[in-house]
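*Asks:* Below you'll find upload_14.cif; it's mmCIF, C-alpha atoms and all ligand atoms.
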data_query
#
loop_
_atom_site.label_atom_id
_atom_site.label_comp_id
_atom_site.auth_asym_id
_atom_site.auth_seq_id
_atom_site.Cartn_x
_atom_site.Cartn_y
_atom_site.Cartn_z
CA LEU S 1 -21.65 -11.99 -7.05
CA THR S 2 -20.62 -11.65 -10.69
CA LEU S 3 -17.17 -10.24 -11.19
CA PRO S 4 -16.85 -7.50 -13.82
CA PHE S 5 -13.59 -9.17 -14.86
CA ASN S 6 -11.83 -12.50 -14.61
CA ILE S 7 -9.49 -12.44 -11.60
CA ASN S 8 -7.15 -14.69 -13.60
CA SER S 9 -6.61 -11.80 -16.00
CA LEU S 10 -5.06 -9.77 -13.20
CA ILE S 11 -1.38 -9.17 -13.88
CA ILE S 12 0.93 -7.98 -11.11
CA SER S 13 4.37 -6.85 -12.21
CA GLU S 14 7.29 -4.89 -10.83
CA VAL S 15 7.40 -1.20 -11.62
CA THR S 16 10.09 -0.25 -14.10
CA ALA S 17 11.40 3.18 -15.11
CA SER S 18 8.86 3.41 -17.93
CA ASP S 19 5.95 2.87 -15.49
CA ILE S 20 6.60 5.95 -13.33
CA ASP S 21 3.76 8.01 -14.81
CA LYS S 22 1.34 5.14 -14.30
CA LEU S 23 2.56 4.70 -10.72
CA ARG S 24 2.09 8.41 -10.03
CA ASP S 25 -1.42 8.41 -11.50
CA ILE S 26 -2.64 5.37 -9.56
CA SER S 27 -1.00 6.66 -6.36
CA ILE S 28 -2.76 10.01 -6.54
CA LYS S 29 -6.09 8.57 -7.64
CA THR S 30 -6.29 5.92 -4.90
CA PHE S 31 -4.94 8.24 -2.20
CA SER S 32 -7.61 10.78 -3.17
CA GLU S 33 -10.38 8.19 -3.15
CA THR S 34 -9.31 6.98 0.29
CA TYR S 35 -8.37 10.12 2.24
CA GLU S 36 -9.24 13.37 0.47
CA SER S 37 -12.66 13.78 2.09
CA LEU S 38 -11.23 13.05 5.56
CA ASN S 39 -8.48 15.69 5.58
CA THR S 40 -8.06 19.42 5.00
CA PRO S 41 -7.30 20.38 1.38
CA GLU S 42 -3.99 21.92 2.52
CA ASN S 43 -2.71 18.84 4.33
CA PHE S 44 -3.89 16.58 1.57
CA ALA S 45 -2.23 18.64 -1.18
CA ALA S 46 1.01 18.89 0.80
CA TYR S 47 1.22 15.12 1.15
CA ILE S 48 0.53 14.46 -2.55
CA GLN S 49 3.05 17.08 -3.59
CA GLN S 50 5.77 15.69 -1.32
CA HIS S 51 5.34 11.96 -1.93
CA PHE S 52 3.85 11.47 -5.37
CA ASN S 53 5.98 13.73 -7.52
CA THR S 54 7.87 12.10 -10.37
CA GLU S 55 11.31 12.84 -8.95
CA GLU S 56 10.48 11.23 -5.59
CA LEU S 57 8.94 8.15 -7.23
CA ILE S 58 11.98 7.68 -9.46
CA LYS S 59 14.25 7.94 -6.41
CA GLU S 60 12.20 5.38 -4.50
CA THR S 61 12.12 2.86 -7.32
CA LYS S 62 15.89 3.12 -7.71
CA ASN S 63 16.34 2.12 -4.06
CA LYS S 64 17.27 -1.56 -4.11
CA ASN S 65 15.45 -2.11 -0.80
CA SER S 66 12.17 -0.76 -2.12
CA VAL S 67 10.02 -2.44 -4.75
CA SER S 68 6.66 -1.43 -6.17
CA TYR S 69 4.20 -3.44 -8.24
CA LEU S 70 1.36 -2.44 -10.52
CA ALA S 71 -1.78 -4.56 -10.77
CA ARG S 72 -3.37 -4.47 -14.22
CA ILE S 73 -6.55 -5.85 -15.73
CA ASN S 74 -6.70 -5.65 -19.53
CA ASP S 75 -4.02 -2.96 -19.48
CA GLU S 76 -5.90 -0.79 -16.98
CA VAL S 77 -3.90 -0.13 -13.81
CA VAL S 78 -6.27 -1.06 -10.95
CA GLY S 79 -3.95 -1.02 -7.94
CA TYR S 80 -0.41 -1.06 -6.63
CA LEU S 81 1.80 -2.30 -3.84
CA LYS S 82 4.97 -0.87 -2.33
CA LEU S 83 7.30 -3.01 -0.22
CA ASN S 84 10.33 -1.89 1.79
CA SER S 85 13.08 -3.87 3.49
CA GLU S 86 16.24 -3.08 5.43
CA ASN S 87 16.72 0.68 5.88
CA ALA S 88 14.05 1.59 3.31
CA GLN S 89 11.41 0.72 5.95
CA THR S 90 9.64 3.79 7.34
CA GLU S 91 10.29 2.61 10.93
CA ASN S 92 13.31 0.89 12.34
CA ILE S 93 11.38 -2.30 13.14
CA SER S 94 13.73 -5.17 12.28
CA LYS S 95 16.15 -6.49 9.69
CA ASP S 96 13.94 -9.57 9.55
CA SER S 97 10.84 -7.69 8.44
CA LEU S 98 9.28 -6.53 5.19
CA GLU S 99 7.07 -3.43 5.27
CA ILE S 100 3.98 -2.98 3.16
CA GLU S 101 4.15 0.79 2.86
CA ARG S 102 1.31 0.99 0.37
CA ILE S 103 -1.44 -1.36 -0.81
CA TYR S 104 -4.11 0.37 -2.81
CA VAL S 105 -6.86 -0.72 -5.16
CA LEU S 106 -9.14 1.55 -7.22
CA LYS S 107 -12.47 1.92 -5.47
CA LYS S 108 -14.49 0.44 -8.31
CA TYR S 109 -12.45 -2.77 -8.00
CA HIS S 110 -12.74 -3.17 -4.21
CA GLY S 111 -14.08 -6.46 -2.93
CA PHE S 112 -12.90 -8.58 -5.86
CA LYS S 113 -9.70 -9.96 -4.28
CA VAL S 114 -7.25 -7.66 -6.04
CA GLY S 115 -6.08 -6.64 -2.54
CA LEU S 116 -5.69 -10.29 -1.60
CA LYS S 117 -3.54 -10.92 -4.71
CA LEU S 118 -1.34 -7.95 -3.81
CA LEU S 119 -1.02 -9.33 -0.29
CA ASP S 120 -0.01 -12.71 -1.77
CA THR S 121 2.68 -10.87 -3.74
CA ALA S 122 4.03 -9.37 -0.50
CA VAL S 123 4.08 -12.78 1.21
CA THR S 124 5.93 -14.32 -1.74
CA LYS S 125 8.50 -11.51 -1.63
CA ALA S 126 8.92 -11.87 2.14
CA LYS S 127 9.64 -15.60 1.71
CA GLU S 128 12.06 -14.93 -1.12
CA LEU S 129 13.95 -12.44 1.07
CA GLN S 130 13.73 -14.87 4.02
CA LYS S 131 11.97 -12.33 6.23
CA LYS S 132 10.26 -13.49 9.43
CA PHE S 133 7.29 -11.12 9.29
CA ILE S 134 5.44 -8.48 7.29
CA TRP S 135 4.31 -5.29 9.00
CA LEU S 136 2.39 -2.15 8.08
CA GLY S 137 0.85 1.00 9.52
CA VAL S 138 -2.83 1.72 8.99
CA TRP S 139 -4.75 4.84 10.05
CA GLU S 140 -6.97 4.08 13.04
CA LYS S 141 -9.91 5.57 11.08
CA ASN S 142 -9.42 3.31 8.06
CA GLU S 143 -11.89 0.65 9.13
CA LYS S 144 -12.14 -1.10 5.79
CA ALA S 145 -8.40 -1.69 5.60
CA ILE S 146 -8.23 -2.77 9.27
CA TYR S 147 -10.98 -5.30 8.57
CA PHE S 148 -9.05 -6.56 5.52
CA TYR S 149 -5.79 -7.03 7.49
CA LYS S 150 -7.46 -8.76 10.45
CA LYS S 151 -9.33 -11.05 8.14
CA ASN S 152 -6.01 -11.98 6.56
CA SER S 153 -4.44 -12.89 9.94
CA PHE S 154 -2.55 -9.67 10.73
CA VAL S 155 -2.37 -8.78 14.44
CA GLN S 156 -1.77 -5.39 16.01
CA PHE S 157 1.56 -4.97 17.82
CA ASP S 158 2.07 -1.23 18.24
CA THR S 159 1.07 2.26 17.09
CA HIS S 160 2.94 5.09 15.43
CA ILE S 161 2.35 8.62 14.24
CA PHE S 162 1.87 9.26 10.55
CA LYS S 163 2.17 12.85 9.37
CA LEU S 164 -0.30 14.02 6.75
CA GLY S 165 0.74 17.60 6.11
CA ASP S 166 0.77 19.15 9.59
CA ASP S 167 -1.69 16.60 11.00
CA ASP S 168 -0.30 13.92 13.33
CA GLN S 169 -2.41 10.81 12.73
CA ASN S 170 -2.47 7.71 14.89
CA ASP S 171 -1.64 4.54 12.96
CA PHE S 172 -2.06 1.00 14.20
CA LEU S 173 0.90 -1.22 13.38
CA PHE S 174 -0.05 -4.71 12.28
CA LYS S 175 2.14 -7.73 11.59
CA LEU S 176 1.87 -11.11 9.94
CA ASN S 177 4.38 -13.83 10.73
CA ILE S 178 5.73 -15.66 7.71
C1 LIG S 201 -7.80 -2.54 1.68
C2 LIG S 201 -7.86 -2.92 0.20
C3 LIG S 201 -6.48 -2.90 -0.41
C4 LIG S 201 -8.46 -4.32 0.06
O1 LIG S 201 -8.51 -4.63 -1.33
P1 LIG S 201 -9.71 -5.46 -1.96
O2 LIG S 201 -9.34 -5.81 -3.35
O3 LIG S 201 -10.99 -4.75 -1.75
O4 LIG S 201 -9.63 -6.76 -1.05
P2 LIG S 201 -10.45 -8.10 -1.09
O5 LIG S 201 -11.42 -8.09 -2.21
O6 LIG S 201 -9.46 -9.19 -1.06
O7 LIG S 201 -11.20 -8.07 0.31
C5 LIG S 201 -12.02 -7.00 0.71
C6 LIG S 201 -13.06 -7.41 1.71
O8 LIG S 201 -14.11 -6.43 1.77
C7 LIG S 201 -15.34 -6.99 1.27
N1 LIG S 201 -16.11 -6.15 0.37
C8 LIG S 201 -17.26 -6.47 -0.21
N2 LIG S 201 -17.72 -5.49 -0.96
C9 LIG S 201 -16.83 -4.52 -0.88
C10 LIG S 201 -16.77 -3.26 -1.46
N3 LIG S 201 -17.70 -2.74 -2.26
N4 LIG S 201 -15.71 -2.52 -1.18
C11 LIG S 201 -14.75 -3.01 -0.39
N5 LIG S 201 -14.78 -4.18 0.19
C12 LIG S 201 -15.81 -4.94 -0.04
C13 LIG S 201 -14.90 -8.15 0.50
O9 LIG S 201 -15.97 -9.04 0.38
C14 LIG S 201 -13.75 -8.66 1.31
O10 LIG S 201 -14.19 -9.28 2.48
P3 LIG S 201 -14.69 -10.79 2.43
O11 LIG S 201 -13.54 -11.59 1.91
O12 LIG S 201 -15.06 -11.04 3.86
O13 LIG S 201 -15.84 -10.86 1.50
C15 LIG S 201 -8.81 -1.96 -0.57
O14 LIG S 201 -10.04 -1.91 0.08
C16 LIG S 201 -8.26 -0.57 -0.74
O15 LIG S 201 -7.49 -0.29 -1.65
N6 LIG S 201 -8.69 0.37 0.14
C17 LIG S 201 -8.34 1.77 -0.02
C18 LIG S 201 -6.88 2.01 0.21
C19 LIG S 201 -6.43 1.62 1.57
O16 LIG S 201 -7.08 1.91 2.56
N7 LIG S 201 -5.27 0.94 1.60
C20 LIG S 201 -4.66 0.53 2.81
C21 LIG S 201 -3.89 1.63 3.43
S1 LIG S 201 -3.13 1.11 4.94
#
Let me see whether you can do it: turn the structure in this file into structure tokens.

*Replies:*
Amino acid sequence: LTLPFNINSLIISEVTASDIDKLRDISIKTFSETYESLNTPENFAAYIQQHFNTEELIKETKNKNSVSYLARINDEVVGYLKLNSENAQTENISKDSLEIERIYVLKKYHGFKVGLKLLDTAVTKAKELQKKFIWLGVWEKNEKAIYFYKKNSFVQFDTHIFKLGDDDQNDFLFKLNI
């Protein structure tokens, strides 16, 4: 397999105030690529509107318990990661945990270890914060992501409901001990 880029040229850096537009664009693009065809246009649009508007993203990045990262190759944003700790976590799981709320790579870059590098970033952050485990919720229908997590030693420990518009979706909760 020949990579269309050198994985060593991948740069992962924390989102700053000047990156908000880039974060919004990659969020919408990757969310669309992953879920648009699997949901009603109304539910999909409602979710995008609620979560990926500039005001909401600015608020989230100002939260000291939430940190997002952009992954870039030659200045192109190819993916992103969003981590939450303490009360920024979307479920009251533990003070000792770090949540991966979002890990997304542009479709054309799937399979080239960008996801793995983002996961490494989460593990490094979890160690730095002295967390005992990383957890995340993944839609039961998202087989590719489930495969990716299992392959990287995550194990299922629970389920929860994720609301996409008015649709209650069943998520598997996975964890990785640090
Ligand atoms: C899950 C995700 C982040 C993984 O990122 P990635 O950069 O593709 O991850 P990796 O390259 O490290 O690993 C992907 C695995 O799929 C395999 N794969 C091969 N070709 C692939 C392709 N065209 N597309 C996707 N995966 C492919 C890879 O080989 C690898 O498995 P392997 O190590 O056994 O070979 C990415 O697929 C993604 O963004 N998916 C859409 C968004 C999503 O579902 N996010 C998670 C929400 S909970």

*Asks:* Rank S:Ile178, S:Ile146, S:Thr159, S:Ser27 by their smallest atom-to-atom distance to Asp96 in chain S, using only C-alpha atoms, and report the top residue only.

*Replies:*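 Residue with the minimum atom-to-atom distance to Asp96 in chain S: S:Ile178.
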
*Asks:* Enter the distance from CA of Glu86 in chain S to CA of Glu60 in chain S, in Å, rounded to one decimal.

*Replies:*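 Interatomic distance, CA of Glu86 in chain S to CA of Glu60 in chain S: 13.7 Å.
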
*Asks:* Output the neighbourhood of ligand LIG 201 (chain S) as an MDAnalysis selection string, that is, all protein and nucleic acid residues with some atom at most 10 Å from the ligand, counting all atoms listed in the file.

*Replies:* chainID S and resid 1 27 30:35 78:81 100:119 136:149 151:152 171:174

*Asks:* Counting only C-alpha atoms, which of S:Arg24, S:Lys132, S:Lys29, S:Lys95 gets nearest to Asn177 in chain S?

*Replies:*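 So, comparing all the options, the nearest one is S:Lys132.
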
*Asks:* Using all atoms listed in the file, find the one residue out of S:Asp25, S:Asp166, S:Asp19, S:Glu128 that sits nearest to Tyr69 in chain S.

*Replies:*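 Closest to Tyr69 in chain S, using all atoms listed in the file: S:Asp19.
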